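Below is work_36.cif, holding mmCIF, C-alpha atoms and all ligand atoms.
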data_upload
#
loop_
_atom_site.label_atom_id
_atom_site.label_comp_id
_atom_site.auth_asym_id
_atom_site.auth_seq_id
_atom_site.Cartn_x
_atom_site.Cartn_y
_atom_site.Cartn_z
CA MET A 1 -18.50 -2.52 -11.73
CA SER A 2 -20.58 -0.82 -14.40
CA GLN A 3 -23.20 0.63 -12.07
CA SER A 4 -21.51 3.06 -9.64
CA PRO A 5 -22.25 2.10 -6.06
CA LYS A 6 -23.65 5.07 -4.19
CA ASN A 7 -22.51 4.40 -0.64
CA ILE A 8 -18.87 3.38 -0.54
CA MET A 9 -17.06 2.25 2.59
CA ILE A 10 -13.28 2.67 2.50
CA THR A 11 -11.44 0.95 5.34
CA GLY A 12 -8.02 2.21 6.44
CA GLY A 13 -8.79 5.59 4.87
CA ALA A 14 -6.70 7.45 7.45
CA GLY A 15 -3.57 5.53 6.45
CA PHE A 16 -1.12 6.16 3.66
CA ILE A 17 -2.75 4.67 0.55
CA GLY A 18 -6.26 4.85 1.99
CA SER A 19 -6.08 8.63 2.42
CA HIS A 20 -5.20 9.06 -1.26
CA VAL A 21 -8.11 6.78 -2.23
CA VAL A 22 -10.57 8.62 0.05
CA ARG A 23 -9.45 12.02 -1.31
CA LEU A 24 -9.82 10.84 -4.93
CA PHE A 25 -13.29 9.36 -4.38
CA VAL A 26 -14.64 12.27 -2.29
CA LYS A 27 -13.59 14.74 -4.98
CA LYS A 28 -14.45 12.67 -8.04
CA TYR A 29 -17.80 11.24 -6.91
CA PRO A 30 -19.77 14.02 -5.20
CA GLN A 31 -22.99 11.98 -5.59
CA SER A 32 -21.58 9.05 -3.61
CA LYS A 33 -21.34 8.90 0.17
CA ILE A 34 -17.78 7.96 1.16
CA VAL A 35 -17.56 6.36 4.61
CA ASN A 36 -14.03 6.07 5.95
CA VAL A 37 -13.75 3.38 8.64
CA ASP A 38 -10.46 3.40 10.51
CA LYS A 39 -9.28 2.38 13.97
CA LEU A 40 -6.63 5.13 13.98
CA THR A 41 -3.68 2.97 14.98
CA TYR A 42 -0.21 4.55 15.01
CA ALA A 43 -0.43 4.47 11.18
CA GLY A 44 -3.78 6.23 10.89
CA ASN A 45 -3.93 10.00 11.04
CA LEU A 46 -6.94 12.22 10.33
CA ASN A 47 -4.57 15.07 9.43
CA ASN A 48 -4.00 13.13 6.19
CA LEU A 49 -7.52 14.19 5.18
CA LYS A 50 -7.75 17.77 6.45
CA ASP A 51 -8.51 19.14 2.97
CA ILE A 52 -11.67 17.04 2.50
CA GLU A 53 -12.88 16.45 6.06
CA ASP A 54 -15.77 18.93 5.69
CA ALA A 55 -16.95 17.68 2.30
CA PRO A 56 -20.71 16.93 2.41
CA ASN A 57 -20.22 13.46 0.89
CA TYR A 58 -17.57 12.37 3.44
CA LYS A 59 -18.05 10.67 6.78
CA PHE A 60 -15.50 9.24 9.22
CA VAL A 61 -16.24 6.42 11.66
CA LYS A 62 -13.61 5.31 14.16
CA ALA A 63 -13.91 1.54 14.42
CA ASP A 64 -11.97 -1.71 14.46
CA ILE A 65 -12.64 -3.88 11.40
CA ALA A 66 -12.32 -7.00 13.56
CA ASP A 67 -15.41 -5.90 15.53
CA LEU A 68 -18.08 -7.88 13.63
CA ASP A 69 -21.09 -6.24 15.30
CA LYS A 70 -19.72 -2.78 14.61
CA MET A 71 -19.07 -3.67 10.96
CA ARG A 72 -22.65 -5.00 10.67
CA GLU A 73 -23.97 -1.74 12.13
CA ILE A 74 -21.87 0.57 9.91
CA ILE A 75 -22.67 -1.32 6.71
CA LYS A 76 -26.41 -1.45 7.45
CA ASP A 77 -26.79 2.10 8.78
CA ASN A 78 -24.99 3.55 5.76
CA GLU A 79 -26.61 1.18 3.25
CA ILE A 80 -23.16 0.34 1.92
CA THR A 81 -23.09 -1.06 -1.61
CA GLY A 82 -19.34 -1.01 -2.30
CA ILE A 83 -16.38 -1.70 -0.02
CA ILE A 84 -12.75 -0.85 -0.74
CA HIS A 85 -10.79 -2.60 1.97
CA LEU A 86 -7.35 -1.18 2.78
CA ALA A 87 -7.24 -1.34 6.60
CA ALA A 88 -4.34 -3.51 7.67
CA GLU A 89 -1.19 -3.76 9.69
CA SER A 90 1.30 -3.13 6.92
CA HIS A 91 4.92 -3.09 8.09
CA VAL A 92 7.01 -6.26 7.71
CA ASP A 93 9.42 -5.36 10.56
CA ARG A 94 6.53 -4.92 13.00
CA SER A 95 5.04 -8.25 11.86
CA ILE A 96 8.29 -10.01 12.75
CA LYS A 97 8.04 -8.62 16.30
CA ASP A 98 4.27 -9.03 16.76
CA PRO A 99 2.63 -11.51 14.34
CA PHE A 100 -0.59 -11.84 16.36
CA THR A 101 -1.69 -8.26 15.73
CA PHE A 102 -1.25 -8.94 12.03
CA ALA A 103 -3.39 -12.08 12.14
CA ARG A 104 -6.06 -10.28 14.15
CA THR A 105 -6.46 -7.26 11.91
CA ASN A 106 -5.52 -8.63 8.51
CA VAL A 107 -7.16 -12.06 8.75
CA MET A 108 -9.94 -11.78 11.33
CA GLY A 109 -10.66 -8.16 10.37
CA THR A 110 -11.07 -9.04 6.71
CA LEU A 111 -13.27 -12.02 7.62
CA ALA A 112 -15.49 -9.84 9.84
CA LEU A 113 -15.93 -7.34 7.02
CA LEU A 114 -16.74 -10.05 4.47
CA GLN A 115 -19.30 -11.61 6.79
CA ALA A 116 -20.92 -8.27 7.69
CA ALA A 117 -21.19 -7.30 4.00
CA LYS A 118 -22.56 -10.72 3.07
CA GLU A 119 -25.28 -10.62 5.75
CA TYR A 120 -26.41 -7.12 4.75
CA TRP A 121 -26.37 -7.76 1.01
CA ASP A 122 -28.13 -11.13 1.48
CA SER A 123 -30.94 -9.28 3.27
CA LEU A 124 -31.69 -7.00 0.31
CA PRO A 125 -34.15 -7.95 -2.46
CA GLU A 126 -31.55 -7.34 -5.19
CA LYS A 127 -28.85 -9.24 -3.15
CA TYR A 128 -25.42 -8.93 -4.78
CA GLU A 129 -26.50 -6.93 -7.83
CA GLY A 130 -24.58 -3.64 -8.01
CA LYS A 131 -22.38 -4.63 -5.05
CA LEU A 132 -18.63 -5.07 -4.81
CA PHE A 133 -16.15 -6.06 -2.11
CA TYR A 134 -12.74 -4.88 -3.34
CA HIS A 135 -9.77 -6.13 -1.31
CA ILE A 136 -6.39 -4.37 -1.59
CA SER A 137 -3.47 -6.75 -1.27
CA THR A 138 0.24 -6.85 -1.92
CA ASP A 139 2.74 -8.50 -4.25
CA GLU A 140 4.47 -9.92 -1.15
CA VAL A 141 1.97 -12.82 -1.04
CA TYR A 142 3.70 -14.31 -4.08
CA GLY A 143 6.97 -14.81 -2.20
CA ALA A 144 10.35 -13.76 -3.53
CA LEU A 145 11.95 -13.75 -6.96
CA GLU A 146 15.61 -14.21 -7.76
CA ILE A 147 17.69 -11.52 -9.37
CA THR A 148 18.11 -13.14 -12.77
CA ASN A 149 19.60 -10.22 -14.64
CA PRO A 150 23.36 -10.81 -14.45
CA GLU A 151 24.04 -7.07 -14.50
CA GLY A 152 21.91 -6.46 -11.46
CA VAL A 153 18.42 -5.07 -11.70
CA LYS A 154 18.54 -1.52 -13.12
CA ALA A 155 17.52 -0.19 -16.50
CA PRO A 156 15.73 -1.47 -18.53
CA PHE A 157 13.62 -2.38 -15.50
CA THR A 158 12.12 1.07 -15.27
CA THR A 159 8.90 2.73 -16.34
CA LYS A 160 10.78 4.09 -19.35
CA ALA A 161 10.67 0.69 -21.08
CA SER A 162 7.40 -0.84 -22.28
CA ALA A 163 5.87 -3.84 -20.54
CA ASP A 164 6.71 -6.03 -23.52
CA ASP A 165 10.34 -4.87 -23.48
CA HIS A 166 10.56 -6.10 -19.92
CA MET A 167 9.13 -9.46 -20.84
CA ALA A 168 11.52 -9.77 -23.77
CA PHE A 169 14.37 -9.43 -21.29
CA GLY A 170 13.40 -12.86 -20.03
CA VAL A 171 13.35 -12.41 -16.26
CA ASP A 172 10.68 -13.61 -13.84
CA PHE A 173 7.78 -11.47 -12.73
CA PHE A 174 4.79 -12.10 -10.49
CA VAL A 175 1.68 -12.70 -12.60
CA GLU A 176 -1.91 -13.08 -11.36
CA THR A 177 -1.59 -16.89 -11.43
CA THR A 178 1.73 -17.09 -9.56
CA LYS A 179 1.37 -19.55 -6.69
CA TYR A 180 1.15 -17.91 -3.26
CA ASP A 181 4.32 -18.40 -1.21
CA PRO A 182 4.36 -15.82 1.60
CA HIS A 183 7.38 -15.70 3.91
CA SER A 184 6.88 -12.95 6.50
CA PRO A 185 4.08 -12.86 9.08
CA TYR A 186 2.81 -9.76 7.23
CA SER A 187 2.62 -11.47 3.85
CA ALA A 188 1.22 -14.66 5.42
CA SER A 189 -1.59 -12.63 6.98
CA LYS A 190 -2.31 -10.82 3.69
CA ALA A 191 -2.27 -14.12 1.77
CA SER A 192 -4.74 -15.59 4.24
CA SER A 193 -7.05 -12.59 3.87
CA ASP A 194 -6.89 -12.89 0.06
CA HIS A 195 -7.91 -16.56 0.35
CA PHE A 196 -10.92 -15.63 2.51
CA VAL A 197 -12.03 -13.01 -0.03
CA ARG A 198 -11.85 -15.57 -2.85
CA ALA A 199 -13.63 -18.14 -0.66
CA TYR A 200 -16.57 -15.74 -0.20
CA HIS A 201 -16.71 -15.35 -3.98
CA ASP A 202 -16.41 -19.04 -4.78
CA THR A 203 -18.66 -20.30 -1.97
CA TYR A 204 -21.38 -17.66 -1.67
CA GLY A 205 -21.10 -15.97 -5.06
CA MET A 206 -20.22 -12.64 -3.45
CA PRO A 207 -18.83 -10.14 -6.00
CA THR A 208 -15.22 -9.60 -4.96
CA ILE A 209 -12.03 -8.35 -6.56
CA VAL A 210 -8.47 -8.72 -5.24
CA THR A 211 -5.56 -6.59 -6.42
CA ASN A 212 -1.91 -7.17 -5.59
CA CYS A 213 0.25 -4.07 -5.80
CA SER A 214 3.98 -3.47 -5.57
CA ASN A 215 5.68 -1.12 -3.05
CA ASN A 216 4.08 2.33 -2.92
CA TYR A 217 5.77 5.63 -2.10
CA GLY A 218 4.62 9.25 -1.91
CA PRO A 219 3.14 11.86 0.46
CA TYR A 220 1.62 10.79 3.81
CA GLN A 221 3.59 7.53 4.09
CA PHE A 222 4.45 6.80 7.71
CA PRO A 223 8.20 7.31 8.24
CA GLU A 224 8.96 3.71 9.19
CA LYS A 225 8.92 2.52 5.55
CA LEU A 226 12.15 2.85 3.59
CA ILE A 227 11.63 6.02 1.53
CA PRO A 228 10.02 8.37 4.08
CA LEU A 229 12.25 7.03 6.88
CA PHE A 230 15.36 7.81 4.87
CA ILE A 231 14.15 11.26 3.73
CA ASN A 232 13.40 12.12 7.33
CA ASN A 233 16.70 10.74 8.65
CA ILE A 234 18.71 12.66 6.03
CA LEU A 235 16.93 15.87 7.05
CA GLN A 236 17.81 15.17 10.69
CA GLY A 237 21.39 14.03 9.96
CA LYS A 238 20.60 10.54 11.33
CA ASN A 239 22.10 7.27 10.06
CA LEU A 240 20.39 5.43 7.20
CA PRO A 241 20.08 1.77 8.27
CA VAL A 242 20.50 -0.35 5.13
CA TYR A 243 19.55 -3.98 5.78
CA GLY A 244 22.13 -6.57 4.70
CA LYS A 245 24.07 -5.50 1.64
CA GLY A 246 21.34 -3.27 0.24
CA GLU A 247 20.98 -5.62 -2.73
CA ASN A 248 17.32 -6.51 -2.32
CA VAL A 249 15.09 -5.31 -5.11
CA ARG A 250 11.67 -3.69 -4.84
CA ASP A 251 9.29 -2.47 -7.56
CA TRP A 252 8.11 1.07 -6.72
CA LEU A 253 4.85 2.79 -7.67
CA PHE A 254 3.78 6.38 -6.88
CA VAL A 255 0.80 6.18 -4.53
CA GLU A 256 -1.50 8.36 -6.67
CA ASP A 257 -1.02 5.93 -9.56
CA HIS A 258 -2.16 3.12 -7.25
CA ALA A 259 -5.21 5.19 -6.22
CA ARG A 260 -6.09 5.75 -9.90
CA ALA A 261 -5.79 2.03 -10.55
CA ILE A 262 -8.09 1.30 -7.60
CA ASP A 263 -10.69 3.75 -8.97
CA LEU A 264 -10.52 2.16 -12.42
CA ILE A 265 -10.72 -1.41 -11.12
CA PHE A 266 -13.53 -0.57 -8.68
CA HIS A 267 -15.64 0.74 -11.56
CA LYS A 268 -14.52 -1.42 -14.49
CA GLY A 269 -12.93 -4.56 -13.01
CA LYS A 270 -14.54 -7.98 -13.37
CA PRO A 271 -15.97 -9.45 -10.14
CA GLY A 272 -14.16 -12.65 -9.21
CA ASP A 273 -10.99 -11.42 -10.87
CA THR A 274 -7.49 -10.54 -9.68
CA TYR A 275 -5.30 -7.76 -11.06
CA ASN A 276 -1.63 -7.08 -10.42
CA ILE A 277 -0.67 -3.41 -10.12
CA GLY A 278 2.89 -2.19 -10.68
CA GLY A 279 4.84 0.22 -12.82
CA PHE A 280 7.76 -1.94 -14.02
CA ASN A 281 10.07 0.14 -11.85
CA GLU A 282 12.56 -2.07 -10.07
CA TRP A 283 15.37 -0.73 -7.95
CA LYS A 284 18.07 -2.33 -5.90
CA ASN A 285 17.70 -0.75 -2.42
CA ILE A 286 21.15 0.81 -2.41
CA ASP A 287 20.64 2.41 -5.84
CA LEU A 288 17.27 3.76 -4.81
CA ILE A 289 18.72 5.12 -1.56
CA LYS A 290 21.34 7.03 -3.57
CA VAL A 291 18.60 8.61 -5.71
CA VAL A 292 16.77 9.64 -2.53
CA ILE A 293 19.98 11.10 -1.06
CA LYS A 294 20.77 13.07 -4.23
CA THR A 295 17.24 14.46 -4.39
CA VAL A 296 17.16 15.51 -0.74
CA ASP A 297 20.65 17.06 -1.00
CA ARG A 298 19.74 19.01 -4.14
CA LEU A 299 16.43 20.28 -2.74
CA THR A 300 18.10 21.37 0.50
CA GLY A 301 20.87 23.24 -1.31
CA LYS A 302 23.73 20.79 -0.69
CA PRO A 303 26.01 19.23 -3.32
CA GLU A 304 24.38 15.96 -4.47
CA GLY A 305 25.74 12.98 -2.57
CA THR A 306 26.79 14.96 0.53
CA SER A 307 24.60 12.79 2.76
CA GLU A 308 25.93 9.44 1.49
CA HIS A 309 28.13 9.22 4.59
CA LEU A 310 24.94 8.53 6.58
CA ILE A 311 24.54 5.12 4.91
CA THR A 312 25.05 2.45 7.58
CA TYR A 313 24.86 -1.25 6.78
CA VAL A 314 23.02 -3.07 9.58
CA THR A 315 21.95 -6.63 10.39
CA ASP A 316 19.63 -7.96 7.72
CA ARG A 317 15.87 -8.34 8.23
CA LEU A 318 14.92 -11.94 9.16
CA GLY A 319 13.65 -13.82 6.11
CA HIS A 320 14.31 -10.76 3.90
CA ASP A 321 12.71 -11.42 0.47
CA MET A 322 15.26 -10.81 -2.27
CA ARG A 323 13.18 -9.40 -5.09
CA TYR A 324 9.60 -8.39 -5.87
CA ALA A 325 8.55 -7.52 -9.42
CA ILE A 326 5.04 -7.17 -10.77
CA ASP A 327 3.82 -7.93 -14.29
CA SER A 328 0.85 -5.56 -14.63
CA ARG A 329 0.15 -6.20 -18.31
CA LYS A 330 -3.31 -7.64 -17.61
CA LEU A 331 -4.43 -4.37 -16.01
CA GLN A 332 -2.74 -2.34 -18.72
CA LYS A 333 -4.28 -4.34 -21.57
CA GLU A 334 -7.77 -5.06 -20.18
CA LEU A 335 -8.51 -1.76 -18.45
CA GLY A 336 -6.01 0.64 -20.06
CA TRP A 337 -4.25 1.73 -16.85
CA GLU A 338 -0.67 2.92 -16.89
CA PRO A 339 1.51 4.75 -14.37
CA SER A 340 1.62 8.50 -14.92
CA LEU A 341 5.00 9.36 -13.39
CA GLN A 342 8.61 8.44 -14.03
CA PHE A 343 10.36 7.42 -10.80
CA GLU A 344 12.63 10.49 -10.60
CA GLU A 345 9.56 12.77 -10.87
CA GLY A 346 7.75 10.79 -8.20
CA ILE A 347 10.73 10.95 -5.82
CA GLU A 348 11.11 14.69 -6.42
CA LYS A 349 7.40 15.25 -5.61
CA THR A 350 7.71 13.05 -2.53
CA VAL A 351 10.83 14.74 -1.14
CA LYS A 352 9.28 18.18 -1.73
CA TRP A 353 6.17 17.08 0.16
CA TYR A 354 8.18 15.92 3.18
CA LEU A 355 10.19 19.17 3.13
CA ASP A 356 6.97 21.21 3.06
CA ASN A 357 5.22 19.12 5.71
CA LYS A 358 7.68 18.80 8.58
CA ASP A 359 4.83 19.44 11.04
CA TRP A 360 3.03 16.36 9.74
CA VAL A 361 6.17 14.26 10.30
CA ASP A 362 6.69 15.72 13.80
CA ASN A 363 3.08 15.01 14.62
CA VAL A 364 3.02 11.36 13.49
CA THR A 365 6.40 10.60 15.07
CA SER A 366 5.62 12.18 18.44
CA GLY A 367 4.71 10.00 21.42
CA ASP A 368 5.68 6.35 21.37
CA TYR A 369 7.26 6.37 17.93
CA GLU A 370 10.70 7.61 19.07
CA LYS A 371 10.87 4.78 21.61
CA TYR A 372 9.86 2.27 18.95
CA TYR A 373 12.43 3.60 16.48
CA ASP A 374 15.20 3.43 19.08
CA GLN A 375 14.42 -0.19 19.90
CA MET A 376 13.99 -1.18 16.28
CA TYR A 377 17.03 0.46 14.76
CA LYS A 378 19.64 1.65 17.19
CA ASN A 379 20.63 -1.86 18.32
CA ARG A 380 20.50 -3.44 14.89
P1 LIG B 401 -0.90 2.03 6.52
O1 LIG B 401 -0.25 1.20 7.58
O2 LIG B 401 -0.32 3.35 6.16
O3 LIG B 401 -2.43 2.30 6.91
C1 LIG B 401 -3.26 1.31 7.44
C2 LIG B 401 -4.52 1.97 7.99
O4 LIG B 401 -5.36 0.93 8.51
C3 LIG B 401 -4.27 2.97 9.12
O5 LIG B 401 -5.02 4.13 8.92
C4 LIG B 401 -4.73 2.21 10.36
O6 LIG B 401 -5.22 3.07 11.38
C5 LIG B 401 -5.83 1.34 9.79
N1 LIG B 401 -6.05 0.13 10.59
C6 LIG B 401 -5.12 -0.74 11.06
N2 LIG B 401 -5.72 -1.71 11.78
C7 LIG B 401 -7.05 -1.46 11.75
C8 LIG B 401 -8.19 -2.11 12.30
N3 LIG B 401 -8.07 -3.23 13.06
N4 LIG B 401 -9.41 -1.58 12.07
C9 LIG B 401 -9.55 -0.45 11.32
N5 LIG B 401 -8.50 0.22 10.80
C10 LIG B 401 -7.27 -0.28 11.01
O7 LIG B 401 -1.00 1.07 5.27
P2 LIG B 401 -0.85 1.40 3.71
O8 LIG B 401 0.59 1.37 3.36
O9 LIG B 401 -1.67 2.57 3.37
O10 LIG B 401 -1.50 0.08 3.10
C11 LIG B 401 -2.92 0.03 2.86
C12 LIG B 401 -3.26 -1.33 2.28
O11 LIG B 401 -2.55 -1.52 1.05
C13 LIG B 401 -2.87 -2.50 3.18
O12 LIG B 401 -3.89 -3.47 3.09
C14 LIG B 401 -1.57 -3.01 2.58
O13 LIG B 401 -1.43 -4.39 2.83
C15 LIG B 401 -1.80 -2.72 1.12
N6 LIG B 401 -0.58 -2.49 0.33
C16 LIG B 401 0.36 -1.59 0.75
C17 LIG B 401 1.50 -1.36 -0.04
C18 LIG B 401 2.54 -0.34 0.37
O14 LIG B 401 3.59 -0.26 -0.27
N7 LIG B 401 2.31 0.48 1.37
C19 LIG B 401 1.67 -2.06 -1.25
C20 LIG B 401 0.68 -2.98 -1.65
C21 LIG B 401 -0.45 -3.18 -0.87
P1 LIG B 402 9.85 -1.43 3.39
O1 LIG B 402 9.65 0.01 3.04
O2 LIG B 402 9.74 -1.84 4.82
O3 LIG B 402 8.84 -2.26 2.47
P2 LIG B 402 8.73 -3.87 2.24
O4 LIG B 402 9.49 -4.57 3.27
O5 LIG B 402 7.27 -4.09 2.38
O6 LIG B 402 9.23 -4.10 0.86
O7 LIG B 402 11.29 -1.88 2.89
C1 LIG B 402 11.67 -1.74 1.54
C2 LIG B 402 13.05 -2.37 1.37
O8 LIG B 402 14.00 -1.58 2.11
C3 LIG B 402 13.15 -3.77 1.94
O9 LIG B 402 14.03 -4.54 1.11
C4 LIG B 402 13.78 -3.58 3.31
C5 LIG B 402 14.67 -2.37 3.10
N1 LIG B 402 14.84 -1.49 4.30
C6 LIG B 402 16.12 -1.13 4.72
O10 LIG B 402 17.14 -1.53 4.14
N2 LIG B 402 16.23 -0.31 5.82
C7 LIG B 402 15.13 0.17 6.50
O11 LIG B 402 15.30 0.90 7.50
C8 LIG B 402 13.84 -0.21 6.03
C9 LIG B 402 12.60 0.28 6.73
C10 LIG B 402 13.73 -1.04 4.92
#
Show me the file's structure as structure tokens.
Amino acid sequence: MSQSPKNIMITGGAGFIGSHVVRLFVKKYPQSKIVNVDKLTYAGNLNNLKDIEDAPNYKFVKADIADLDKMREIIKDNEITGIIHLAAESHVDRSIKDPFTFARTNVMGTLALLQAAKEYWDSLPEKYEGKLFYHISTDEVYGALEITNPEGVKAPFTTKASADDHMAFGVDFFVETTKYDPHSPYSASKASSDHFVRAYHDTYGMPTIVTNCSNNYGPYQFPEKLIPLFINNILQGKNLPVYGKGENVRDWLFVEDHARAIDLIFHKGKPGDTYNIGGFNEWKNIDLIKVVIKTVDRLTGKPEGTSEHLITYVTDRLGHDMRYAIDSRKLQKELGWEPSLQFEEGIEKTVKWYLDNKDWVDNVTSGDYEKYYDQMYKNR
């Protein structure tokens, strides 16, 4: 939006991506009030924001986004003009075990936020002018792609090749108009929330934007997702549970590049529009795992590849989507965004961060997490 909203509510700001977005906005927009609304589930951790928690333009409110009255109160009391909505249950494996929590937070929570924002903005004389509801979604809503490259998906499917080079290769990508086809309870809940956001735009004229991003990695990611889980397990000499044959493909983006895209789209994106975010950086899981192993080995002073013996093939995830791949040319061409890091640089930064922040890992994995991990993985 051209006119910068002054009071910005960021939901899920104590989580992985949200904490990077909160940090960026608090530092870059000292004139704006940044209100972080987070329930602090197992995935939310205020230690992620230690460096900015005392900033005069930052405020934290512990609340559940599915609590409509509370959302009404926070939005009104803080005179919120822009919302960046990241709060969600986000892990596919958990959604397979407990789909209801995903529907509650991702669907009903998003609906409560939309309704609370609508009521407050409707009550103002200028209504929707200068307002924006920006919903952060995932590429997983589009379903799964096949691996169409006969040599397997490696180079040139990396950030080193241009977007047009990728297209010339003639394989499928998710574009903004790809039909939704979610398979997991997680992606079904995100798809449903995306539909509600668009419904509030199409029905009430509310200014909304939806973005669908590929897999993120980087500092502060909870160690249940592939990359931080494997870094942590290598450091502890634990097995690396590779689902199925390790042939599934994901498209990886460094989290700070996602946060920069969110900033750009929040300020320059077109209300009513959708943008795909991704860095043309596809990796077969097993190839990516070997890069992670090499990097951890090198940075801990071991010969590269020493930890490969930890790789353990385990029962596949139910309904495991084969391949995700984002075509982000619309964002690149219309708003001039591009990823800043090559994958190897991003992995190096990420591994270094986990090595330097073992206390953070110990802290977030204390309590119930060990029990959860044992149930989830040891019997797989
Ligand atoms: P995360 O699980 O690390 O963090 C989610 C945050 O939401 C946590 O701080 C948690 O406490 C909070 N939260 C959960 N339920 C809540 C509720 N009912 N009320 C208030 N707060 C609640 O997630 P993430 O990986 O940072 O993902 C953030 C968003 O980005 C999600 O909407 C996710 O779908 C989307 N996304 C993630 C990725 C990825 O690779 N991680 C990729 C694309 C899109
Ligand atoms: P994940 O990080 O859970 O992200 P998503 O399922 O949203 O893509 O998983 C990334 C890929 O890694 C996915 O294909 C599943 C696979 N995977 C494993 O092989 N082992 C694991 O322990 C985990 C967590 C994931």
Tell me, as a PyMOL selection string, which residues lie within 7 Å of Ala87 of chain A, counting all atoms listed in the file; anything in the same chain fewer than 5 positions away does not count. chain A and resi 11-12+38
What is the distance, in Å and to one decimal place, between atom CA of Thr41 of chain A and atom CA of Ile265 of chain A?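 Atom-to-atom, atom CA of Thr41 of chain A and atom CA of Ile265 of chain A are spaced 27.4 Å apart.
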Go ahead and compute the interatomic distance for atom CA of Ser307 of chain A and atom CA of Asn232 of chain A, in Å to one decimal.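 That distance, rounded to one decimal, is 12.1 Å.
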Once you count only C-alpha atoms and all ligand atoms, which residues end up within 9 Å of ligand LIG 402 (chain B), and could you hand them over as a count of residues only? 46
Residue nearest ligand LIG 401 (chain B) among A:Lys39, A:His85, A:Lys330, A:Lys6 (counting all atoms listed in the file): A:Lys39
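Pairwise distance (atom CA of Ser189 of chain A, atom CA of Val107 of chain A) equals 5.9 Å.
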Taking into account only C-alpha atoms, which residue in the set A:Asn281, A:Gln221, A:Asn36, A:Thr178 is nearest to Phe16 of chain A?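 Closest to Phe16 of chain A of all the choices is A:Gln221.
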Centre and edge lengths, as JSON, for the axis-aligned box enclosing every listed atom of ligand LIG 401 (chain B) with 3 Å of padding on each of the six sides, in Å to one decimal?
{"center_x": -3.0, "center_y": -0.1, "center_z": 5.7, "size_x": 19.1, "size_y": 14.5, "size_z": 20.7}
Taking all atoms listed in the file into account, which of A:Ile311, A:Met108, A:Ile347, A:Cys213 comes nearest ligand LIG 401 (chain B)?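 The closest residue to ligand LIG 401 (chain B) is A:Cys213.
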What's around Pro185 of chain A at 6 Å? Count only C-alpha atoms, leave out sequence neighbours fewer than 2 positions away in its own chain, and write the answer as a CSV table (one decimal) with C-alpha atoms, keeping the file's coordinate frame.
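The new file around_2.csv reads:
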chain,number,residue,atom,x,y,z
A,95,SER,CA,5.0,-8.2,11.9
A,99,PRO,CA,2.6,-11.5,14.3
A,187,SER,CA,2.6,-11.5,3.8
A,188,ALA,CA,1.2,-14.7,5.4
Restricting the calculation to all atoms listed in the file: of A:Tyr42, A:Phe100, A:Phe254, A:Tyr373, which residue gets closest to ligand LIG 401 (chain B)? A:Tyr42
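Here the question is which of A:Ala66, A:Val292, A:Val37, A:Val361 gets nearest to Glu304 of chain A using all atoms listed in the file, and that residue is A:Val292.
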Within 10 Å of (-14.0, -9.8, 8.8) (file coordinates; all atoms listed in the file), which protein or nucleic acid residues are there? I'd like them as a ChimeraX atom specification. /A:65-68,71,104-117,193,196-197
Of the residues A:Gly319, A:Pro339, A:Gly218, A:Pro182, which is the one nearest to ligand LIG 401 (chain B), using all atoms listed in the file? A:Gly218
Contacts of Leu86 of chain A at 8 Å (all atoms listed in the file; same-chain gap of 5+ positions) as a PyMOL selection string: chain A and resi 10-13+17-18+135-137
